[in-house]
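Next comes upload03.pdb, with PDB, C-alpha atoms and all ligand atoms.
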```pdb
MODEL        1
ATOM      1  CA  MET A  28     -46.979  -4.283  -4.530
ATOM      2  CA  MET A  29     -47.970  -0.660  -4.028
ATOM      3  CA  GLU A  30     -48.506   1.138  -7.328
ATOM      4  CA  ILE A  31     -46.430   4.261  -7.780
ATOM      5  CA  THR A  32     -48.539   6.701  -9.757
ATOM      6  CA  GLU A  33     -46.081   9.486 -10.413
ATOM      7  CA  LYS A  34     -43.301   8.398 -12.767
ATOM      8  CA  TYR A  35     -41.057  10.055 -15.292
ATOM      9  CA  ILE A  36     -39.057   8.167 -17.907
ATOM     10  CA  LYS A  37     -37.062  10.349 -20.255
ATOM     11  CA  LYS A  38     -37.071   9.284 -23.878
ATOM     12  CA  ILE A  39     -33.446   9.362 -24.924
ATOM     13  CA  GLU A  40     -32.194  10.751 -28.213
ATOM     14  CA  THR A  41     -28.866   8.882 -28.286
ATOM     15  CA  PRO A  42     -28.342   5.324 -29.620
ATOM     16  CA  VAL A  43     -29.704   2.620 -27.339
ATOM     17  CA  ALA A  44     -27.491  -0.252 -26.128
ATOM     18  CA  LEU A  45     -30.129  -2.231 -24.265
ATOM     19  CA  LYS A  46     -33.849  -1.898 -23.678
ATOM     20  CA  THR A  47     -36.159  -3.586 -21.209
ATOM     21  CA  GLN A  48     -39.834  -3.855 -22.060
ATOM     22  CA  ASP A  49     -42.329  -4.587 -19.273
ATOM     23  CA  LEU A  50     -39.695  -6.462 -17.295
ATOM     24  CA  ALA A  51     -41.052  -8.138 -14.167
ATOM     25  CA  VAL A  52     -39.184 -10.439 -11.774
ATOM     26  CA  TYR A  53     -40.746 -12.906  -9.339
ATOM     27  CA  TYR A  54     -39.100 -14.835  -6.496
ATOM     28  CA  GLY A  55     -41.685 -17.592  -6.136
ATOM     29  CA  ASP A  56     -44.993 -15.727  -5.885
ATOM     30  CA  LYS A  57     -43.385 -12.535  -4.759
ATOM     31  CA  LYS A  58     -43.032  -9.826  -7.349
ATOM     32  CA  ALA A  59     -39.681  -8.165  -6.678
ATOM     33  CA  PHE A  60     -39.646  -5.958  -9.729
ATOM     34  CA  ALA A  61     -42.478  -4.726 -11.918
ATOM     35  CA  GLU A  62     -43.079  -3.499 -15.442
ATOM     36  CA  GLY A  63     -39.787  -1.838 -16.077
ATOM     37  CA  THR A  64     -39.533  -0.294 -19.523
ATOM     38  CA  ILE A  65     -36.351   1.625 -20.055
ATOM     39  CA  GLU A  66     -33.675   2.320 -22.668
ATOM     40  CA  PHE A  67     -29.998   2.389 -21.731
ATOM     41  CA  PRO A  68     -27.933   4.859 -23.750
ATOM     42  CA  GLN A  69     -24.912   3.494 -25.554
ATOM     43  CA  HIS A  70     -21.417   4.448 -24.342
ATOM     44  CA  GLN A  71     -22.824   6.194 -21.318
ATOM     45  CA  ILE A  72     -22.778   5.369 -17.625
ATOM     46  CA  THR A  73     -26.211   4.808 -16.103
ATOM     47  CA  ALA A  74     -26.491   4.597 -12.318
ATOM     48  CA  LEU A  75     -29.270   2.611 -10.629
ATOM     49  CA  ILE A  76     -30.121   4.132  -7.242
ATOM     50  CA  GLY A  77     -32.828   3.620  -4.626
ATOM     51  CA  PRO A  78     -33.445   2.402  -1.087
ATOM     52  CA  SER A  79     -32.306  -1.006   0.083
ATOM     53  CA  GLY A  80     -34.536  -3.819  -1.149
ATOM     54  CA  CYS A  81     -36.130  -1.775  -3.956
ATOM     55  CA  GLY A  82     -35.011  -4.250  -6.616
ATOM     56  CA  LYS A  83     -31.876  -2.708  -8.135
ATOM     57  CA  SER A  84     -29.767  -5.880  -8.000
ATOM     58  CA  THR A  85     -32.708  -8.016  -9.069
ATOM     59  CA  PHE A  86     -33.149  -5.817 -12.118
ATOM     60  CA  LEU A  87     -29.420  -5.642 -12.929
ATOM     61  CA  ARG A  88     -28.887  -9.387 -12.584
ATOM     62  CA  SER A  89     -31.773 -10.040 -14.960
ATOM     63  CA  LEU A  90     -29.994  -8.132 -17.704
ATOM     64  CA  ASN A  91     -27.459 -10.892 -18.320
ATOM     65  CA  ARG A  92     -29.618 -13.757 -17.118
ATOM     66  CA  MET A  93     -27.989 -14.126 -13.694
ATOM     67  CA  ASN A  94     -31.449 -14.727 -12.257
ATOM     68  CA  ASP A  95     -31.926 -17.925 -14.251
ATOM     69  CA  GLY A  96     -32.901 -20.682 -11.851
ATOM     70  CA  ILE A  97     -33.394 -18.177  -9.010
ATOM     71  CA  ALA A  98     -36.230 -15.996 -10.207
ATOM     72  CA  ARG A  99     -38.824 -15.918 -12.962
ATOM     73  CA  VAL A 100     -38.245 -13.046 -15.344
ATOM     74  CA  GLU A 101     -41.095 -11.874 -17.559
ATOM     75  CA  GLY A 102     -41.060  -9.302 -20.325
ATOM     76  CA  GLN A 103     -38.402  -8.528 -22.870
ATOM     77  CA  ILE A 104     -34.749  -7.556 -22.713
ATOM     78  CA  LEU A 105     -33.876  -6.248 -26.142
ATOM     79  CA  TYR A 106     -30.255  -6.313 -27.194
ATOM     80  CA  HIS A 107     -29.738  -5.127 -30.774
ATOM     81  CA  GLY A 108     -33.407  -5.923 -31.333
ATOM     82  CA  LEU A 109     -33.065  -9.505 -30.087
ATOM     83  CA  ASP A 110     -35.022 -10.556 -27.017
ATOM     84  CA  ILE A 111     -32.382 -12.168 -24.803
ATOM     85  CA  ASN A 112     -34.929 -13.201 -22.193
ATOM     86  CA  ASN A 113     -35.607 -16.287 -24.201
ATOM     87  CA  ASP A 114     -34.825 -19.996 -23.732
ATOM     88  CA  GLN A 115     -33.099 -20.230 -27.113
ATOM     89  CA  ILE A 116     -30.342 -17.829 -26.091
ATOM     90  CA  ASN A 117     -26.948 -19.318 -25.234
ATOM     91  CA  ILE A 118     -26.223 -17.536 -21.956
ATOM     92  CA  TYR A 119     -22.458 -18.159 -22.144
ATOM     93  CA  GLU A 120     -22.374 -16.381 -25.503
ATOM     94  CA  LEU A 121     -24.630 -13.674 -24.130
ATOM     95  CA  ARG A 122     -22.294 -13.008 -21.204
ATOM     96  CA  LYS A 123     -19.459 -12.388 -23.635
ATOM     97  CA  HIS A 124     -21.506  -9.394 -24.780
ATOM     98  CA  ILE A 125     -22.929  -8.361 -21.421
ATOM     99  CA  GLY A 126     -20.329  -8.787 -18.674
ATOM    100  CA  MET A 127     -20.778  -8.412 -14.942
ATOM    101  CA  VAL A 128     -18.711  -7.269 -11.972
ATOM    102  CA  PHE A 129     -19.973  -8.019  -8.470
ATOM    103  CA  GLN A 130     -20.010  -6.156  -5.184
ATOM    104  CA  HIS A 131     -17.200  -8.133  -3.565
ATOM    105  CA  PRO A 132     -14.064  -8.565  -5.656
ATOM    106  CA  ASN A 133     -13.963 -12.236  -6.616
ATOM    107  CA  PRO A 134     -10.785 -12.908  -8.600
ATOM    108  CA  PHE A 135     -10.131 -16.565  -9.345
ATOM    109  CA  TYR A 136      -7.619 -18.279  -7.048
ATOM    110  CA  LYS A 137      -5.147 -18.060  -9.906
ATOM    111  CA  SER A 138      -2.383 -15.754 -11.083
ATOM    112  CA  ILE A 139      -3.198 -12.233 -12.229
ATOM    113  CA  ARG A 140      -2.352 -13.328 -15.767
ATOM    114  CA  GLU A 141      -4.638 -16.365 -15.632
ATOM    115  CA  ASN A 142      -7.493 -14.297 -14.258
ATOM    116  CA  ILE A 143      -7.442 -12.416 -17.546
ATOM    117  CA  THR A 144      -6.719 -15.330 -19.886
ATOM    118  CA  TYR A 145      -9.000 -17.971 -18.354
ATOM    119  CA  ALA A 146     -12.182 -17.118 -20.268
ATOM    120  CA  LEU A 147     -10.276 -16.318 -23.463
ATOM    121  CA  LYS A 148      -8.687 -19.787 -23.414
ATOM    122  CA  TYR A 149     -12.062 -21.324 -22.630
ATOM    123  CA  HIS A 150     -13.419 -19.639 -25.732
ATOM    124  CA  GLY A 151     -10.568 -21.044 -27.843
ATOM    125  CA  VAL A 152      -7.852 -18.368 -27.912
ATOM    126  CA  LYS A 153      -4.530 -20.273 -27.939
ATOM    127  CA  ASP A 154      -1.925 -17.938 -29.407
ATOM    128  CA  GLN A 155       0.366 -16.914 -26.524
ATOM    129  CA  SER A 156       1.226 -13.526 -28.041
ATOM    130  CA  VAL A 157      -2.488 -12.721 -28.396
ATOM    131  CA  LEU A 158      -3.077 -13.750 -24.777
ATOM    132  CA  ASP A 159      -0.100 -11.687 -23.550
ATOM    133  CA  GLN A 160      -1.340  -8.657 -25.448
ATOM    134  CA  LYS A 161      -4.817  -9.090 -23.973
ATOM    135  CA  VAL A 162      -3.392  -9.257 -20.451
ATOM    136  CA  LYS A 163      -1.515  -6.033 -21.029
ATOM    137  CA  GLU A 164      -4.395  -4.170 -22.710
ATOM    138  CA  SER A 165      -6.991  -5.224 -20.148
ATOM    139  CA  LEU A 166      -4.807  -4.281 -17.199
ATOM    140  CA  GLN A 167      -3.880  -0.991 -18.840
ATOM    141  CA  ALA A 168      -7.560  -0.217 -19.404
ATOM    142  CA  VAL A 169      -8.208  -0.382 -15.653
ATOM    143  CA  ALA A 170      -4.952   1.431 -14.787
ATOM    144  CA  LEU A 171      -3.543  -1.637 -13.037
ATOM    145  CA  TRP A 172      -0.785  -2.555 -15.469
ATOM    146  CA  ASP A 173       1.917  -0.334 -13.965
ATOM    147  CA  GLU A 174       1.150  -1.687 -10.504
ATOM    148  CA  VAL A 175       1.304  -5.392 -11.417
ATOM    149  CA  LYS A 176       3.315  -5.759 -14.631
ATOM    150  CA  ASP A 177       6.283  -7.225 -12.753
ATOM    151  CA  SER A 178       4.177  -9.673 -10.760
ATOM    152  CA  LEU A 179       1.734 -11.174 -13.258
ATOM    153  CA  ASP A 180       2.294 -14.634 -11.792
ATOM    154  CA  LYS A 181       1.263 -13.530  -8.318
ATOM    155  CA  ASN A 182      -2.090 -14.857  -7.133
ATOM    156  CA  GLY A 183      -4.895 -12.364  -7.809
ATOM    157  CA  LYS A 184      -6.148 -12.884  -4.255
ATOM    158  CA  GLN A 185      -2.931 -11.331  -2.938
ATOM    159  CA  LEU A 186      -3.760  -7.912  -4.353
ATOM    160  CA  SER A 187      -5.421  -5.187  -2.273
ATOM    161  CA  GLY A 188      -9.231  -4.987  -2.361
ATOM    162  CA  GLY A 189      -9.182  -2.061  -4.785
ATOM    163  CA  GLN A 190      -6.660  -3.786  -7.038
ATOM    164  CA  GLN A 191      -8.712  -7.004  -6.929
ATOM    165  CA  GLN A 192     -11.805  -5.107  -8.043
ATOM    166  CA  ARG A 193      -9.912  -3.500 -10.917
ATOM    167  CA  LEU A 194      -8.594  -6.973 -11.818
ATOM    168  CA  CYS A 195     -12.208  -8.212 -11.919
ATOM    169  CA  ILE A 196     -13.155  -5.348 -14.222
ATOM    170  CA  ALA A 197     -10.104  -6.169 -16.395
ATOM    171  CA  ARG A 198     -11.205  -9.815 -16.461
ATOM    172  CA  ALA A 199     -14.683  -8.770 -17.600
ATOM    173  CA  ILE A 200     -13.456  -6.450 -20.352
ATOM    174  CA  ALA A 201     -10.878  -8.945 -21.657
ATOM    175  CA  MET A 202     -13.851 -10.577 -23.398
ATOM    176  CA  GLU A 203     -14.646  -7.209 -25.000
ATOM    177  CA  PRO A 204     -18.264  -7.069 -23.932
ATOM    178  CA  ASP A 205     -20.548  -4.352 -25.256
ATOM    179  CA  ILE A 206     -22.137  -3.734 -21.923
ATOM    180  CA  LEU A 207     -20.657  -3.900 -18.449
ATOM    181  CA  LEU A 208     -22.956  -4.388 -15.459
ATOM    182  CA  LEU A 209     -21.551  -3.494 -12.043
ATOM    183  CA  ASP A 210     -23.324  -4.217  -8.761
ATOM    184  CA  GLU A 211     -22.029  -1.827  -6.083
ATOM    185  CA  PRO A 212     -18.441  -2.408  -7.214
ATOM    186  CA  THR A 213     -16.875   0.017  -4.750
ATOM    187  CA  SER A 214     -18.928  -0.620  -1.614
ATOM    188  CA  GLY A 215     -16.055  -2.447   0.097
ATOM    189  CA  LEU A 216     -13.300  -0.092  -1.044
ATOM    190  CA  ASP A 217     -11.568   2.855   0.596
ATOM    191  CA  PRO A 218     -12.013   6.341  -0.951
ATOM    192  CA  VAL A 219      -8.747   6.217  -2.913
ATOM    193  CA  SER A 220      -9.523   2.828  -4.474
ATOM    194  CA  THR A 221     -13.106   3.956  -5.078
ATOM    195  CA  ARG A 222     -11.848   6.963  -6.984
ATOM    196  CA  LYS A 223      -9.549   4.764  -9.077
ATOM    197  CA  VAL A 224     -12.450   2.488 -10.026
ATOM    198  CA  GLU A 225     -14.576   5.545 -10.873
ATOM    199  CA  ASP A 226     -11.768   6.969 -13.028
ATOM    200  CA  THR A 227     -11.503   3.574 -14.719
ATOM    201  CA  LEU A 228     -15.206   3.655 -15.572
ATOM    202  CA  GLN A 229     -14.842   7.107 -17.132
ATOM    203  CA  GLU A 230     -12.139   5.744 -19.411
ATOM    204  CA  LEU A 231     -14.091   2.581 -20.219
ATOM    205  CA  LYS A 232     -17.248   4.357 -21.323
ATOM    206  CA  GLN A 233     -15.496   5.373 -24.542
ATOM    207  CA  LYS A 234     -15.864   1.717 -25.555
ATOM    208  CA  TYR A 235     -18.509   0.216 -23.318
ATOM    209  CA  THR A 236     -21.999   0.919 -22.083
ATOM    210  CA  ILE A 237     -21.928   0.832 -18.293
ATOM    211  CA  ILE A 238     -24.806   0.176 -15.904
ATOM    212  CA  ILE A 239     -23.898   0.476 -12.231
ATOM    213  CA  VAL A 240     -25.850  -0.081  -9.014
ATOM    214  CA  THR A 241     -24.650   2.258  -6.303
ATOM    215  CA  HIS A 242     -25.730   3.347  -2.836
ATOM    216  CA  ASN A 243     -23.311   6.193  -2.962
ATOM    217  CA  MET A 244     -25.140   9.335  -4.107
ATOM    218  CA  GLN A 245     -21.897  11.241  -4.627
ATOM    219  CA  GLN A 246     -20.675   8.441  -6.833
ATOM    220  CA  ALA A 247     -23.866   8.449  -8.876
ATOM    221  CA  SER A 248     -23.812  12.215  -9.269
ATOM    222  CA  ARG A 249     -20.129  12.535 -10.146
ATOM    223  CA  SER A 250     -19.640   9.441 -12.299
ATOM    224  CA  SER A 251     -22.838   8.733 -14.195
ATOM    225  CA  ASP A 252     -24.460  10.381 -17.194
ATOM    226  CA  TYR A 253     -27.956   9.000 -16.575
ATOM    227  CA  THR A 254     -29.663   7.842 -13.394
ATOM    228  CA  VAL A 255     -32.583   5.526 -12.717
ATOM    229  CA  PHE A 256     -34.350   5.921  -9.383
ATOM    230  CA  PHE A 257     -36.043   2.747  -8.176
ATOM    231  CA  ASN A 258     -38.490   2.367  -5.325
ATOM    232  CA  LEU A 259     -40.780  -0.438  -4.194
ATOM    233  CA  GLY A 260     -39.677  -2.667  -7.064
ATOM    234  CA  GLN A 261     -40.478  -0.125  -9.756
ATOM    235  CA  ILE A 262     -38.723   2.428 -11.889
ATOM    236  CA  VAL A 263     -39.839   5.806 -10.602
ATOM    237  CA  GLU A 264     -37.674   8.105 -12.669
ATOM    238  CA  PHE A 265     -35.063   7.964 -15.417
ATOM    239  CA  ASP A 266     -33.284  11.044 -16.634
ATOM    240  CA  GLU A 267     -29.925  12.656 -17.120
ATOM    241  CA  THR A 268     -28.005  12.531 -13.849
ATOM    242  CA  SER A 269     -27.692  16.316 -13.675
ATOM    243  CA  GLN A 270     -31.476  16.596 -13.874
ATOM    244  CA  ILE A 271     -32.124  13.883 -11.274
ATOM    245  CA  PHE A 272     -29.819  15.564  -8.767
ATOM    246  CA  THR A 273     -30.891  19.154  -9.354
ATOM    247  CA  ALA A 274     -34.504  19.198 -10.536
ATOM    248  CA  PRO A 275     -36.128  15.765 -10.743
ATOM    249  CA  HIS A 276     -39.650  15.571 -12.117
ATOM    250  CA  VAL A 277     -41.006  13.279  -9.379
ATOM    251  CA  GLN A 278     -41.324  14.329  -5.723
ATOM    252  CA  MET A 279     -40.286  10.874  -4.473
ATOM    253  CA  THR A 280     -36.990  11.184  -6.372
ATOM    254  CA  GLU A 281     -36.427  14.656  -4.953
ATOM    255  CA  ASP A 282     -37.018  13.336  -1.423
ATOM    256  CA  TYR A 283     -34.590  10.465  -1.943
ATOM    257  CA  VAL A 284     -31.707  12.375  -3.487
ATOM    258  CA  SER A 285     -32.027  15.171  -0.942
ATOM    259  CA  GLY A 286     -31.960  12.682   1.933
ATOM    260  CA  ASN A 287     -35.519  13.396   3.151
ATOM    261  CA  PHE A 288     -36.790   9.926   2.502
ATOM    262  CA  GLY A 289     -39.015   7.765   4.671
TER     263      GLY A 289
HETATM  264  N1  LIG B 301     -32.709 -14.871  -4.083
HETATM  265  C1  LIG B 301     -33.793 -14.249  -3.585
HETATM  266  N2  LIG B 301     -34.870 -14.959  -3.160
HETATM  267  C2  LIG B 301     -35.959 -14.338  -2.681
HETATM  268  N3  LIG B 301     -36.110 -13.020  -2.565
HETATM  269  C3  LIG B 301     -35.082 -12.236  -2.966
HETATM  270  C4  LIG B 301     -33.866 -12.804  -3.488
HETATM  271  N4  LIG B 301     -33.028 -11.795  -3.807
HETATM  272  C5  LIG B 301     -33.681 -10.657  -3.500
HETATM  273  N5  LIG B 301     -34.915 -10.908  -3.000
HETATM  274  C6  LIG B 301     -35.920  -9.927  -2.572
HETATM  275  O1  LIG B 301     -36.226  -9.076  -3.667
HETATM  276  C7  LIG B 301     -36.360  -7.720  -3.243
HETATM  277  C8  LIG B 301     -35.377  -6.854  -4.011
HETATM  278  O2  LIG B 301     -34.048  -7.212  -3.607
HETATM  279  P1  LIG B 301     -32.747  -6.627  -4.322
HETATM  280  O3  LIG B 301     -31.561  -7.294  -3.735
HETATM  281  O4  LIG B 301     -32.932  -6.684  -5.782
HETATM  282  O5  LIG B 301     -32.808  -5.104  -3.848
HETATM  283  P2  LIG B 301     -31.695  -3.976  -3.909
HETATM  284  O6  LIG B 301     -32.390  -2.720  -4.273
HETATM  285  O7  LIG B 301     -30.568  -4.388  -4.772
HETATM  286  O8  LIG B 301     -31.242  -3.942  -2.380
HETATM  287  P3  LIG B 301     -29.832  -3.532  -1.738
HETATM  288  O9  LIG B 301     -29.625  -2.102  -2.098
HETATM  289  O10 LIG B 301     -30.058  -3.724  -0.276
HETATM  290  O11 LIG B 301     -28.779  -4.438  -2.310
HETATM  291  C9  LIG B 301     -36.151  -7.719  -1.736
HETATM  292  O12 LIG B 301     -37.409  -7.772  -1.116
HETATM  293  C10 LIG B 301     -35.368  -8.997  -1.490
HETATM  294  O13 LIG B 301     -35.632  -9.510  -0.207
ENDMDL
END
```
Same coordinates, now as structure tokens:
Amino acid sequence: MMEITEKYIKKIETPVALKTQDLAVYYGDKKAFAEGTIEFPQHQITALIGPSGCGKSTFLRSLNRMNDGIARVEGQILYHGLDINNDQINIYELRKHIGMVFQHPNPFYKSIRENITYALKYHGVKDQSVLDQKVKESLQAVALWDEVKDSLDKNGKQLSGGQQQRLCIARAIAMEPDILLLDEPTSGLDPVSTRKVEDTLQELKQKYTIIIVTHNMQQASRSSDYTVFFNLGQIVEFDETSQIFTAPHVQMTEDYVSGNFG
């Protein structure tokens, strides 16, 4: 792996929701991500950007142990001071705190209502009025309630792509995670649905810390507070989004965000 010599990692002043310390990820012998030390600010949206194959998804998936059994993850992932990259951690519990939404909407082949209640029931919530309230709150939080409130028994797969993705976000937040990880959540959506998901994220950051992988530079610049630029499996720069897109410290970042890369 080529060493990148010029890097800039801003030290943040705000409370930290999650920190990685010397995180490295290997697929077999191949190092896909190296020595990432970074602090994610609480109740902010952080965008992960960089060229294809630079390790964004690998890094993101490590944060809630989605790489278990696929890759070897070294280093620490500190969540409230606890290293969650550790065999003793119950990953099902962990994922209640750090939820994930994937690139392609993947609602369960179940009703809209059951998409929201499935994990809650699994974790022991039985009271129907509590479940009903959760369905309503979660769908309201992603601005989907008004569109589906009269068809909660319809199969989630019958919704439009944009609605399905908002249902998946609602499903993730029904568990009230602290942190929401999103891997290119709008890449398959039209501009109107994309905007709705982005608006949803702006609302959600009041309560959640959001980390989002995106290829869409406009999306990163208009919806995130902080941006991490990755290249060649390393973190090159981390700063406030406004800084990254107007006056980054590292030339490689400047070249990438201005489209003069490669
Ligand atoms: N399951 C896997 N097994 C082996 N190698 C993998 C696996 N997943 C990813 N890689 C490799 O790790 C490197 C980083 O991939 P990753 O998907 O994290 O990049 P990315 O920045 O998210 O790319 P993209 O923007 O195209 O989604 C690439 O070289 C990729 O081929």
Residues at most 10 Å from Met244 of chain A, counting all atoms listed in the file, excluding those fewer than 6 positions away in the same chain, as a PDB file with C-alpha atoms, in the frame of the given file?
```
ATOM      1  CA  ALA A  74     -26.491   4.597 -12.318  1.00  0.00           C
ATOM      2  CA  ILE A  76     -30.121   4.132  -7.242  1.00  0.00           C
ATOM      3  CA  GLY A  77     -32.828   3.620  -4.626  1.00  0.00           C
ATOM      4  CA  SER A 250     -19.640   9.441 -12.299  1.00  0.00           C
ATOM      5  CA  PHE A 272     -29.819  15.564  -8.767  1.00  0.00           C
ATOM      6  CA  TYR A 283     -34.590  10.465  -1.943  1.00  0.00           C
ATOM      7  CA  VAL A 284     -31.707  12.375  -3.487  1.00  0.00           C
ATOM      8  CA  SER A 285     -32.027  15.171  -0.942  1.00  0.00           C
ATOM      9  CA  GLY A 286     -31.960  12.682   1.933  1.00  0.00           C
TER      10      GLY A 286
END
```
Query - Explicit residue set for the PyMOL selection byres (((not hetatm)) within 7 of (chain B and resi 301)), as a list in words - result: Tyr54, Ala59, Gly77, Pro78, Ser79, Gly80, Cys81, Gly82, Lys83, Ser84, Thr85, Phe86, Ile97, His242 and Gly260 of chain A
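Compared by their closest atoms to Ile116 of chain A, and using only C-alpha atoms, the residues A:Arg92, A:Lys148, A:Lys153, A:Lys37 rank with A:Arg92 nearest.
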Query raised in the report: So, counting all atoms listed in the file, which residue among A:Ile143, A:Val52, A:Ile111, A:Leu259 is closest to Arg99 of chain A?
Result: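 Closest to Arg99 of chain A of all the choices is A:Val52.
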Requested in this report: Rank nothing, just name the residue among A:Ile72, A:Val277, A:Leu87, A:Glu230 nearest to Ala247 of chain A, using all atoms listed in the file.
Outcome: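 Of A:Ile72, A:Val277, A:Leu87, A:Glu230, the one nearest Ala247 of chain A is A:Ile72, counting all atoms listed in the file.
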